[in-house]
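What follows is a short report on a single structure.
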Amino acid sequence: MSRRYLVRRLLLLIPVLLGVMLLVFGMVFLSPGDPISRLAGNKPLPASTVASIKASYHLDKPFVVQFLYYLKGVLHGDFGQTFTGRSVSDIVRERFPVTLKLAIGSFAIEIVLGLSLAIVAAMKRRTWIDSTILVTTLILWTIPTLVLAFVLQYIFGIKLHWFPVAGVTDGWMSYVLPCLTIGALSAASLGRLGRSAILDNMTGEHIRAANARGLPPRRVIGRHVLKNSLVPIVTIFGLDLAYLMAGAVLTETIFNLPGLGNALVTGIRTQNGPLVVGLVMLSSIFIVFSILAVDLLCARIDPRISYE
Amino acid sequence: MAEPVLEVDDLHVEFRTEEGTVNAVDGVGYKIAKGEVLAILGESGSGKTVHARAIMRILDSPPAHITAGQAKLHEVDVLALDEADMREVRGAKIAMLFQDPHSALDPVFTIGDQLHELLQARRGFSKREAKTMSIELLSRVGIASPEERLKAHPHELSGGIAQRVMVAMAIALEPEVLLADEPTSSLDVTVQAQVLDLLGSVVEETDMAMVLITHNLAVAVGLADRIAVMYAGRMAELGPAKDVYASPKHPYTAGLLRAIPDIDVREERLPGIKGAPPNMLRLPSGCAFHPRCPLADERCAQERPPFEEVVPGRWTACWHWDEVTR
Amino acid sequence: MSRPTSTVEGAAGLVDEVEQPTATLWSDVWRKLKKDNQFRVAVVMIAIFMGMAVAPQLFFTKSLDPAQCHLEDTLQGPSRAHWFGTDLLGCDYYTRVVYGTRTSMEVGLIVASLTMVIALTLGGAAGYFGGATDQVISRFADIFFCVPTLLGSILLLSLFNTGGVAIVALVLVFFGWPDMTRLVRSTVISGKRRGYVRSAETIGASGGRVLRRHVLPNGIAPVLVFTAYIVGGAVAGEASLTFLGVGLRLPAISWGLQIQIAQTRFTAAPYLLFFPSLFLCLFIGAFVLLGESIRDALDVKMVDG
């Protein structure tokens, strides 16, 4: 990867990161009306709380200053105070492990299942195996997370009693259904897109040329086809990682896992504005860095990307 | 001709599509000897590339199917070999050069990786041996600072250099036959000449037989010992280069030659060949060229002329071959 | 003495292969589509849903009537009289689920059309004009792209405590526009590289005109496919948002709302959850099938940003 590309990409990070934070912050504090009532919803707040919010967000100052103070806070890991008195960072620290476990489980499923499906479908192209995989992944892709969570919960939890349907009390067993929910859906999309990427590459001229040199098929596919297909696959996978929070919100709610997604929904239900803002801000920042990581990784894999 | 290295006999390749079956290669045959350069001239759709890929057996099948014919390397018909044996043949006995070096080289690996891989996989070289050999090969094809170049990726190389790398890979296993499919068509004109010279010297040094596929008459005449002309999947004419150029025996060849602008002659319009290239799904009856041919008659429309030796060393598929003038 | 320079093509009156524009003749496309089973199924399904959305009464019968609410019939399972059972108030559930179609159709179509307009305008401009225009638009797209649609929508909707189809749709568009915009931009950029744009420009067509008449029609294929997917995504998004409590509120009728209400009675009366979920999946599925069939017919390779 050329150094110029690296530098350019890192420099690009800053305006995007600032822009994202400005967007999230602006949604709350820039829109017409009183931000405090927006944050609190219809709940009446004690005067002391109102005063402390005014102070911590510097609401008497102009917007730009507000934002800069907030920025400073974030750089120190401070995402604000919630109405319940706890800091957002504390809640994050507390809830993070659950969401992390959910993430790891889901990604394991996504990679293993998704890649296998992609490879098998591409290799067995035009056979019934390929068609079955295509149909299954299409169906899975169609089903929203919302529905799949309940379906899995019902079939495997309530009817068959194989797995717990709520809470984290059963160790890793509690995570099976939720991880399957997120993992199966992303595996379906990875499988389909991976399959097209592999197929596209298999018919490329350089593959034909490699075959014309008499290289063994295992090498041609295992090395050439795979590495060339890696960029779209890594991209999708990276984006799924980034968007995990969105999936986690629904899954943790339905399976009652005490993670970050659940905290977000609780925040909504209790009209705890600062919590919601903090979590969304955190997710967005995480996404910015994930995208950066994906871009840099892809540039490593395919040097054409960083070539001037 | 001394014993031919490669003998192609009555090769037929069909493409089966939704819209119908195309006879992309419809009875192609020729012989080529050691150290000889045979140019195959034809426009796109004439079947020249397809026939080469058929010999190498790298056609996508479906939709392509080799339905008849033989391609004998010495006495062995490579079309009848099983896949494992054919893999041995590819690169080591018959090698192929592709048109666009930037598509034919894998973009995510370095030149070195690709060269080493070839030597390690096919010849069991160790990493160090492969590296030494690669440097030697690159020098042989005229690439300066070869050790540097090994670390480069294909997109960092110019077209000319990239094509030289492909030549290096093609000759690495010392094949007997080289099928060069439009090796200079995607290169700048100035670079074309260099690469052609390179190919010429490679043939001289190694006594390789080279089938040079091209749509460019100049390239053909410049390098080839013999020229074959293909039209609509069929052979139209075959003979020594100078003879074909001086006195063609097929109206299509004559038309091509007539269309070359002569700098000394002042012309109002470039004479083209009237009509359009044939629709391969619905070829004309009889001789495929007859709708565009100034010499065509009833017989041409009814009976397909056989490709035969009309004069020693001169083959043609035309009922009126003796009336053809330049 | 002259050097022979002609190519065979030149002599034969053929121009070297000009890359054909991606859009095949529309009549060919239509013919292919008509024969495709995926397309037929999709069209039938969408037509049925349209009917349900526009004139739900058509799907009612004597016993299946929304007005037929009898409290004593509360929470009965599916039966001949009530295909989908009854809800808490004793109302026929089937009719309520059918009613939900309208909301989804509205959300889906509003989001799809608005997103398409924005994407074509911004994406087209960014791709065609390049330079500063491209940089500015792309940076904005990058920024919005980093806020996930679901989370951003949750935030925005929870701050402005109003519901309503229009608001939800607008919010979804607010966060969802970068995706298709990038797609249009890539398509335009790769379209630009092809010959026909340069020929149009040589004749003197203005930038805007070239964009409209030449680049866009040929790039329309992936956009159509993506739009179909967007309808599905928007409907799923609305259902999720409503389920979480930030989307539509009562007395609106939405599948998301029905699922949310059904959640508490999941074990006792699973059918309450099942039927709206089924409709949701079928609705999304119909549009996904539509997208897939268009993709097959146009042989679209989705250009990735």
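Here, A, B, ... name the chains of the structure tokens in the order displayed, residue numbers run from 1 inside each chain, and ligands are numbered from 1 in the same displayed order.
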Distance filter 8 Å, only C-alpha atoms, chain A against chain C, as a compact mmCIF listing (two decimals) with C-alpha atoms, in the first residue's frame:
# COMPACT_ATOMS: atom_id res chain seq x y z
CA VAL A 16 -15.78 12.42 8.27
CA LEU A 17 -15.46 11.71 11.97
CA GLY A 19 -19.06 15.34 10.38
CA VAL A 20 -20.60 12.24 11.91
CA LEU A 23 -24.64 15.11 12.62
CA VAL A 24 -25.58 13.13 15.70
CA MET A 27 -29.89 16.18 15.54
CA VAL A 28 -30.38 16.76 19.21
CA ARG A 38 -36.55 16.66 23.46
CA LEU A 39 -34.16 14.60 25.47
CA GLY A 41 -39.68 13.43 26.15
CA ILE A 139 -35.54 -16.50 1.70
CA THR A 142 -36.02 -11.52 2.85
CA ILE A 143 -36.90 -12.23 6.45
CA PRO A 144 -36.34 -9.20 8.67
CA LEU A 146 -37.52 -8.85 13.78
CA VAL A 147 -39.33 -11.86 12.41
CA ILE A 158 -40.66 -22.55 23.26
CA TYR A 243 -23.69 -2.44 11.67
CA ALA A 246 -28.38 -2.14 14.68
CA LEU A 250 -33.69 -5.86 18.05
CA VAL A 265 -34.21 0.56 23.87
CA ILE A 268 -36.07 5.13 24.69
CA ARG A 269 -38.70 3.61 26.89
CA GLY A 273 -32.31 11.02 25.98
CA VAL A 276 -29.75 7.23 23.50
CA VAL A 277 -27.60 9.99 22.05
CA VAL A 280 -25.80 6.24 18.86
CA SER A 283 -21.86 3.28 17.42
CA SER A 284 -21.32 5.82 14.69
CA ILE A 285 -17.77 6.52 15.78
CA ILE A 287 -18.44 2.52 12.34
CA VAL A 288 -16.15 5.28 11.08
Per-residue nearest contacts of chain A to chain B (6 Å; only C-alpha atoms) as a Markdown table:
| residue | atom | partner | partner_atom | distance |
| --- | --- | --- | --- | --- |
| A:Glu205 | CA | B:Ala104 | CA | 5.3 |
| A:His206 | CA | B:Ala104 | CA | 4.0 |
| A:Ala209 | CA | B:Ala104 | CA | 5.6 |
| A:Ala212 | CA | B:Arg90 | CA | 5.7 |
| A:Arg213 | CA | B:Gly91 | CA | 4.4 |
| A:Gly214 | CA | B:Arg87 | CA | 4.7 |
| A:Asp302 | CA | B:Val108 | CA | 5.1 |
Thr101 (chain C): which residues within 8 Å, counting only C-alpha atoms, same-chain residues fewer than 3 positions away excluded, as a PyMOL selection string?
chain C and resi 49+52-53+97-98+104-105+254-255
Residues as selected, C-alpha atoms, written as a compact mmCIF listing (two decimals), in the first residue's frame, can you do that?
# COMPACT_ATOMS: atom_id res chain seq x y z
CA PHE C 49 -50.88 -6.25 -1.84
CA MET C 52 -55.19 -4.77 -0.04
CA ALA C 53 -53.67 -1.38 0.42
CA VAL C 97 -53.58 -7.62 9.21
CA VAL C 98 -54.89 -6.82 5.75
CA SER C 104 -46.39 -0.67 4.57
CA MET C 105 -47.17 0.14 0.98
CA SER C 254 -49.04 -1.43 11.20
CA TRP C 255 -47.64 -4.90 11.22
For a quick test of understanding: name the residues of chain B lying within 6 Å of chain C when counting only C-alpha atoms, and present them as a ChimeraX atom specification.
/B:43,215-216,218,256,259-260,262-263,272-273
Those residues you just picked out, can you put them in a file as a short mmCIF file (atom, residue, chain, number, x, y, z; two decimals), in the first residue's frame with C-alpha atoms?
data_model
loop_
_atom_site.label_atom_id
_atom_site.label_comp_id
_atom_site.auth_asym_id
_atom_site.auth_seq_id
_atom_site.Cartn_x
_atom_site.Cartn_y
_atom_site.Cartn_z
CA GLU B 43 -11.60 -10.61 -37.98
CA HIS B 215 -6.28 -9.33 -37.20
CA ASN B 216 -3.47 -7.13 -38.39
CA ALA B 218 1.11 -6.05 -41.20
CA LEU B 256 -8.19 -7.27 -47.33
CA ALA B 259 -8.04 -2.08 -48.58
CA ILE B 260 -4.55 -1.25 -47.44
CA ASP B 262 -0.99 2.85 -50.47
CA ILE B 263 0.84 6.04 -49.68
CA GLY B 272 -13.71 -1.91 -48.32
CA ILE B 273 -15.31 -5.27 -48.67
#
Kindly assemble as CSV a list of the region 193-260 of chain B residues that lie within 12 Å of region 5-14 of chain B, each paired with its nearest atom pair and their distance in Å to one decimal, using only C-alpha atoms, sorted first by chain and then by ascending residue number.
residue,atom,partner,partner_atom,distance
B:Asp207,CA,B:Val5,CA,10.8
B:Met208,CA,B:Val5,CA,9.1
B:Ala209,CA,B:Val5,CA,7.3
B:Met210,CA,B:Leu6,CA,9.9
B:Val211,CA,B:Leu6,CA,9.9
B:Gly233,CA,B:His12,CA,8.8
B:Arg234,CA,B:His12,CA,9.5
B:Met235,CA,B:Asp10,CA,10.2
Find the residues near region 189-195 of chain B: any atom within 12 Å, counting only C-alpha atoms, skip ones fewer than 6 places away on the same chain, and give them as number ranges by chain.
B: 97, 99, 141-143, 158-168, 180, 182-183, 201-202, 216, 218-220, 222-223; C: 5
Let's have the selection written as a tab-separated table (two decimals), in the first residue's frame, with C-alpha atoms.
chain	number	residue	atom	x	y	z
B	97	LEU	CA	0.05	-15.95	-24.96
B	99	GLN	CA	-3.97	-10.49	-25.83
B	141	VAL	CA	12.83	-11.22	-22.71
B	142	GLY	CA	14.64	-7.94	-22.51
B	143	ILE	CA	13.44	-6.53	-19.21
B	158	SER	CA	3.51	-0.67	-18.89
B	159	GLY	CA	1.76	-2.75	-21.51
B	160	GLY	CA	4.96	-3.63	-23.26
B	161	ILE	CA	6.77	-4.79	-20.16
B	162	ALA	CA	3.75	-6.73	-18.97
B	163	GLN	CA	3.51	-8.55	-22.25
B	164	ARG	CA	7.21	-9.40	-22.07
B	165	VAL	CA	6.55	-10.89	-18.66
B	166	MET	CA	3.83	-13.00	-20.22
B	167	VAL	CA	6.25	-14.13	-22.88
B	168	ALA	CA	8.68	-15.07	-20.13
B	180	ALA	CA	0.06	-16.37	-29.48
B	182	GLU	CA	-3.26	-11.33	-30.64
B	183	PRO	CA	-0.20	-10.64	-28.50
B	201	SER	CA	14.01	-13.96	-31.71
B	202	VAL	CA	12.48	-16.38	-29.22
B	216	ASN	CA	-3.47	-7.13	-38.39
B	218	ALA	CA	1.11	-6.05	-41.20
B	219	VAL	CA	1.90	-8.15	-38.18
B	220	ALA	CA	1.20	-11.29	-40.13
B	222	GLY	CA	6.14	-9.09	-40.98
B	223	LEU	CA	6.73	-12.15	-38.91
C	5	THR	CA	-1.36	-0.76	-41.89
With region 67-73 of chain B as the partner and 12 Å as the cut-off, tabulate the residues of region 103-184 of chain B that qualify, each row holding the nearest pair of atoms and their distance in Å to one decimal, using only C-alpha atoms, sorted by chain and rising number, as a Markdown table.
| residue | atom | partner | partner_atom | distance |
| --- | --- | --- | --- | --- |
| B:Pro175 | CA | B:Leu73 | CA | 11.3 |
| B:Glu176 | CA | B:Leu73 | CA | 9.1 |
| B:Val177 | CA | B:Leu73 | CA | 8.8 |
Given the selection you just returned, output its residues as a file containing C-alpha atoms, formatted as an mmCIF file, in the first residue's frame.
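Here's the written file again_36.cif:
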data_model
loop_
_atom_site.group_PDB
_atom_site.id
_atom_site.type_symbol
_atom_site.label_atom_id
_atom_site.label_comp_id
_atom_site.auth_asym_id
_atom_site.auth_seq_id
_atom_site.Cartn_x
_atom_site.Cartn_y
_atom_site.Cartn_z
ATOM 1 C CA PRO B 175 7.189 -25.540 -24.762
ATOM 2 C CA GLU B 176 7.330 -26.805 -28.294
ATOM 3 C CA VAL B 177 4.383 -24.820 -29.547
#
Can you pull out the residues contacting Phe107 (chain A)? Cut-off 8 Å, using only C-alpha atoms, and skip same-chain residues under 3 positions away; I want them as a PDB file with N, CA and C atoms, in the first residue's frame.
ATOM      1  N   ALA A 103     -21.588 -10.380  19.422  1.00  0.00           N
ATOM      2  CA  ALA A 103     -20.880 -10.072  18.182  1.00  0.00           C
ATOM      3  C   ALA A 103     -20.001 -11.226  17.749  1.00  0.00           C
ATOM      4  N   ILE A 104     -19.214 -11.726  18.678  1.00  0.00           N
ATOM      5  CA  ILE A 104     -18.280 -12.792  18.331  1.00  0.00           C
ATOM      6  C   ILE A 104     -19.033 -14.014  17.810  1.00  0.00           C
ATOM      7  N   GLU A 110     -21.456 -16.132  10.829  1.00  0.00           N
ATOM      8  CA  GLU A 110     -21.482 -15.497   9.517  1.00  0.00           C
ATOM      9  C   GLU A 110     -20.344 -15.976   8.649  1.00  0.00           C
ATOM     10  N   ILE A 111     -19.139 -15.966   9.218  1.00  0.00           N
ATOM     11  CA  ILE A 111     -17.984 -16.359   8.395  1.00  0.00           C
ATOM     12  C   ILE A 111     -18.062 -17.815   7.992  1.00  0.00           C
ATOM     13  N   GLY A 183     -26.441 -13.923  12.886  1.00  0.00           N
ATOM     14  CA  GLY A 183     -25.488 -14.626  12.036  1.00  0.00           C
ATOM     15  C   GLY A 183     -26.097 -15.212  10.782  1.00  0.00           C
ATOM     16  N   LEU A 241     -19.884  -5.973  10.539  1.00  0.00           N
ATOM     17  CA  LEU A 241     -19.333  -5.741  11.870  1.00  0.00           C
ATOM     18  C   LEU A 241     -19.755  -4.366  12.360  1.00  0.00           C
TER      19      LEU A 241
END
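Take the candidates C:Gly191, C:Gly51, C:Gly123, C:Gly90 and check each one against Asp179 (chain C) using only C-alpha atoms; the shortest distance goes to C:Gly123.
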Contacts of region 40-42 of chain B at 9 Å or less, counting only C-alpha atoms, minus same-chain residues fewer than 5 places along, as a PyMOL selection string?
(chain B and resi 47-48+211-217+220+226-232+238) or (chain C and resi 8-9)
Write the selection just made, keeping N, CA and C atoms, as a PDB file, in the first residue's frame?
ATOM      1  N   GLY B  47     -13.291 -17.086 -35.517  1.00  0.00           N
ATOM      2  CA  GLY B  47     -13.030 -18.373 -34.876  1.00  0.00           C
ATOM      3  C   GLY B  47     -11.564 -18.591 -34.547  1.00  0.00           C
ATOM      4  N   LYS B  48     -10.732 -17.587 -34.842  1.00  0.00           N
ATOM      5  CA  LYS B  48      -9.298 -17.814 -34.644  1.00  0.00           C
ATOM      6  C   LYS B  48      -8.929 -18.004 -33.179  1.00  0.00           C
ATOM      7  N   VAL B 211       2.077 -20.255 -33.513  1.00  0.00           N
ATOM      8  CA  VAL B 211       0.866 -19.905 -34.237  1.00  0.00           C
ATOM      9  C   VAL B 211       0.522 -18.492 -33.813  1.00  0.00           C
ATOM     10  N   LEU B 212       0.636 -17.570 -34.727  1.00  0.00           N
ATOM     11  CA  LEU B 212       0.437 -16.159 -34.400  1.00  0.00           C
ATOM     12  C   LEU B 212      -0.946 -15.731 -34.871  1.00  0.00           C
ATOM     13  N   ILE B 213      -1.844 -15.533 -33.930  1.00  0.00           N
ATOM     14  CA  ILE B 213      -3.209 -15.147 -34.283  1.00  0.00           C
ATOM     15  C   ILE B 213      -3.286 -13.631 -34.291  1.00  0.00           C
ATOM     16  N   THR B 214      -3.812 -13.069 -35.350  1.00  0.00           N
ATOM     17  CA  THR B 214      -3.865 -11.627 -35.415  1.00  0.00           C
ATOM     18  C   THR B 214      -4.953 -11.162 -36.362  1.00  0.00           C
ATOM     19  N   HIS B 215      -5.367  -9.887 -36.209  1.00  0.00           N
ATOM     20  CA  HIS B 215      -6.282  -9.332 -37.197  1.00  0.00           C
ATOM     21  C   HIS B 215      -5.548  -8.281 -38.022  1.00  0.00           C
ATOM     22  N   ASN B 216      -4.263  -8.173 -37.749  1.00  0.00           N
ATOM     23  CA  ASN B 216      -3.467  -7.134 -38.389  1.00  0.00           C
ATOM     24  C   ASN B 216      -2.558  -7.732 -39.463  1.00  0.00           C
ATOM     25  N   LEU B 217      -2.838  -7.371 -40.665  1.00  0.00           N
ATOM     26  CA  LEU B 217      -2.117  -7.908 -41.821  1.00  0.00           C
ATOM     27  C   LEU B 217      -0.619  -7.633 -41.734  1.00  0.00           C
ATOM     28  N   ALA B 220       1.101  -9.971 -39.505  1.00  0.00           N
ATOM     29  CA  ALA B 220       1.204 -11.294 -40.130  1.00  0.00           C
ATOM     30  C   ALA B 220       2.347 -11.336 -41.145  1.00  0.00           C
ATOM     31  N   ARG B 226       4.259 -18.638 -42.936  1.00  0.00           N
ATOM     32  CA  ARG B 226       3.060 -18.928 -43.738  1.00  0.00           C
ATOM     33  C   ARG B 226       1.890 -18.174 -43.137  1.00  0.00           C
ATOM     34  N   ILE B 227       0.897 -17.892 -43.973  1.00  0.00           N
ATOM     35  CA  ILE B 227      -0.310 -17.196 -43.504  1.00  0.00           C
ATOM     36  C   ILE B 227      -1.528 -18.057 -43.775  1.00  0.00           C
ATOM     37  N   ALA B 228      -2.397 -18.138 -42.783  1.00  0.00           N
ATOM     38  CA  ALA B 228      -3.702 -18.768 -43.000  1.00  0.00           C
ATOM     39  C   ALA B 228      -4.743 -17.684 -42.780  1.00  0.00           C
ATOM     40  N   VAL B 229      -5.790 -17.689 -43.565  1.00  0.00           N
ATOM     41  CA  VAL B 229      -6.859 -16.708 -43.405  1.00  0.00           C
ATOM     42  C   VAL B 229      -8.138 -17.441 -43.011  1.00  0.00           C
ATOM     43  N   MET B 230      -8.790 -16.943 -41.999  1.00  0.00           N
ATOM     44  CA  MET B 230     -10.048 -17.576 -41.549  1.00  0.00           C
ATOM     45  C   MET B 230     -11.218 -16.633 -41.759  1.00  0.00           C
ATOM     46  N   TYR B 231     -12.352 -17.225 -42.086  1.00  0.00           N
ATOM     47  CA  TYR B 231     -13.568 -16.427 -42.240  1.00  0.00           C
ATOM     48  C   TYR B 231     -14.751 -17.256 -41.759  1.00  0.00           C
ATOM     49  N   ALA B 232     -15.542 -16.667 -40.877  1.00  0.00           N
ATOM     50  CA  ALA B 232     -16.753 -17.338 -40.397  1.00  0.00           C
ATOM     51  C   ALA B 232     -16.478 -18.742 -39.871  1.00  0.00           C
ATOM     52  N   LEU B 238      -4.495 -20.653 -47.251  1.00  0.00           N
ATOM     53  CA  LEU B 238      -3.277 -20.962 -46.498  1.00  0.00           C
ATOM     54  C   LEU B 238      -2.120 -21.077 -47.479  1.00  0.00           C
TER      55      LEU B 238
ATOM     56  N   VAL C   8      -7.800  -6.041 -40.337  1.00  0.00           N
ATOM     57  CA  VAL C   8      -8.813  -6.783 -41.069  1.00  0.00           C
ATOM     58  C   VAL C   8     -10.178  -6.124 -40.914  1.00  0.00           C
ATOM     59  N   GLU C   9     -10.427  -5.651 -39.716  1.00  0.00           N
ATOM     60  CA  GLU C   9     -11.723  -5.005 -39.481  1.00  0.00           C
ATOM     61  C   GLU C   9     -11.897  -3.795 -40.360  1.00  0.00           C
TER      62      GLU C   9
END
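CA of Ala166 (chain C) is positioned 10.8 Å from CA of Gly108 (chain C).
Once Gly313 (chain B) and its same-chain neighbours fewer than 6 positions away are set aside, Met1, Tyr30, Lys31, Arg226, Ile227, Ala228, Glu237, Leu238, Gly239, Pro240, Ala241, Asp243, Val244 and Lys249 of chain B remain within 12 Å of it when counting only C-alpha atoms.
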Could you please take those selected residues and save N, CA and C atoms as a PDB file, in the first residue's frame?
ATOM      1  N   MET B   1       6.816 -30.751 -45.901  1.00  0.00           N
ATOM      2  CA  MET B   1       7.177 -30.258 -44.577  1.00  0.00           C
ATOM      3  C   MET B   1       7.793 -31.401 -43.774  1.00  0.00           C
ATOM      4  N   TYR B  30      -4.546 -27.544 -40.110  1.00  0.00           N
ATOM      5  CA  TYR B  30      -3.257 -27.083 -40.638  1.00  0.00           C
ATOM      6  C   TYR B  30      -2.156 -27.863 -39.940  1.00  0.00           C
ATOM      7  N   LYS B  31      -0.942 -27.736 -40.493  1.00  0.00           N
ATOM      8  CA  LYS B  31       0.202 -28.370 -39.846  1.00  0.00           C
ATOM      9  C   LYS B  31       1.226 -27.286 -39.600  1.00  0.00           C
ATOM     10  N   ARG B 226       4.259 -18.638 -42.936  1.00  0.00           N
ATOM     11  CA  ARG B 226       3.060 -18.928 -43.738  1.00  0.00           C
ATOM     12  C   ARG B 226       1.890 -18.174 -43.137  1.00  0.00           C
ATOM     13  N   ILE B 227       0.897 -17.892 -43.973  1.00  0.00           N
ATOM     14  CA  ILE B 227      -0.310 -17.196 -43.504  1.00  0.00           C
ATOM     15  C   ILE B 227      -1.528 -18.057 -43.775  1.00  0.00           C
ATOM     16  N   ALA B 228      -2.397 -18.138 -42.783  1.00  0.00           N
ATOM     17  CA  ALA B 228      -3.702 -18.768 -43.000  1.00  0.00           C
ATOM     18  C   ALA B 228      -4.743 -17.684 -42.780  1.00  0.00           C
ATOM     19  N   GLU B 237      -7.901 -19.560 -46.732  1.00  0.00           N
ATOM     20  CA  GLU B 237      -6.693 -19.667 -47.555  1.00  0.00           C
ATOM     21  C   GLU B 237      -5.496 -19.992 -46.682  1.00  0.00           C
ATOM     22  N   LEU B 238      -4.495 -20.653 -47.251  1.00  0.00           N
ATOM     23  CA  LEU B 238      -3.277 -20.962 -46.498  1.00  0.00           C
ATOM     24  C   LEU B 238      -2.120 -21.077 -47.479  1.00  0.00           C
ATOM     25  N   GLY B 239      -1.015 -20.403 -47.146  1.00  0.00           N
ATOM     26  CA  GLY B 239       0.139 -20.518 -48.042  1.00  0.00           C
ATOM     27  C   GLY B 239       1.305 -19.710 -47.512  1.00  0.00           C
ATOM     28  N   PRO B 240       2.459 -19.788 -48.187  1.00  0.00           N
ATOM     29  CA  PRO B 240       3.618 -19.002 -47.745  1.00  0.00           C
ATOM     30  C   PRO B 240       3.282 -17.512 -47.739  1.00  0.00           C
ATOM     31  N   ALA B 241       3.797 -16.798 -46.741  1.00  0.00           N
ATOM     32  CA  ALA B 241       3.397 -15.415 -46.522  1.00  0.00           C
ATOM     33  C   ALA B 241       3.579 -14.547 -47.763  1.00  0.00           C
ATOM     34  N   ASP B 243       3.824 -15.324 -50.850  1.00  0.00           N
ATOM     35  CA  ASP B 243       2.947 -15.705 -51.965  1.00  0.00           C
ATOM     36  C   ASP B 243       1.520 -15.239 -51.739  1.00  0.00           C
ATOM     37  N   VAL B 244       1.047 -15.444 -50.532  1.00  0.00           N
ATOM     38  CA  VAL B 244      -0.323 -15.026 -50.249  1.00  0.00           C
ATOM     39  C   VAL B 244      -0.451 -13.516 -50.440  1.00  0.00           C
ATOM     40  N   LYS B 249      -5.321 -16.248 -53.260  1.00  0.00           N
ATOM     41  CA  LYS B 249      -6.175 -17.147 -54.010  1.00  0.00           C
ATOM     42  C   LYS B 249      -7.564 -17.254 -53.391  1.00  0.00           C
TER      43      LYS B 249
END
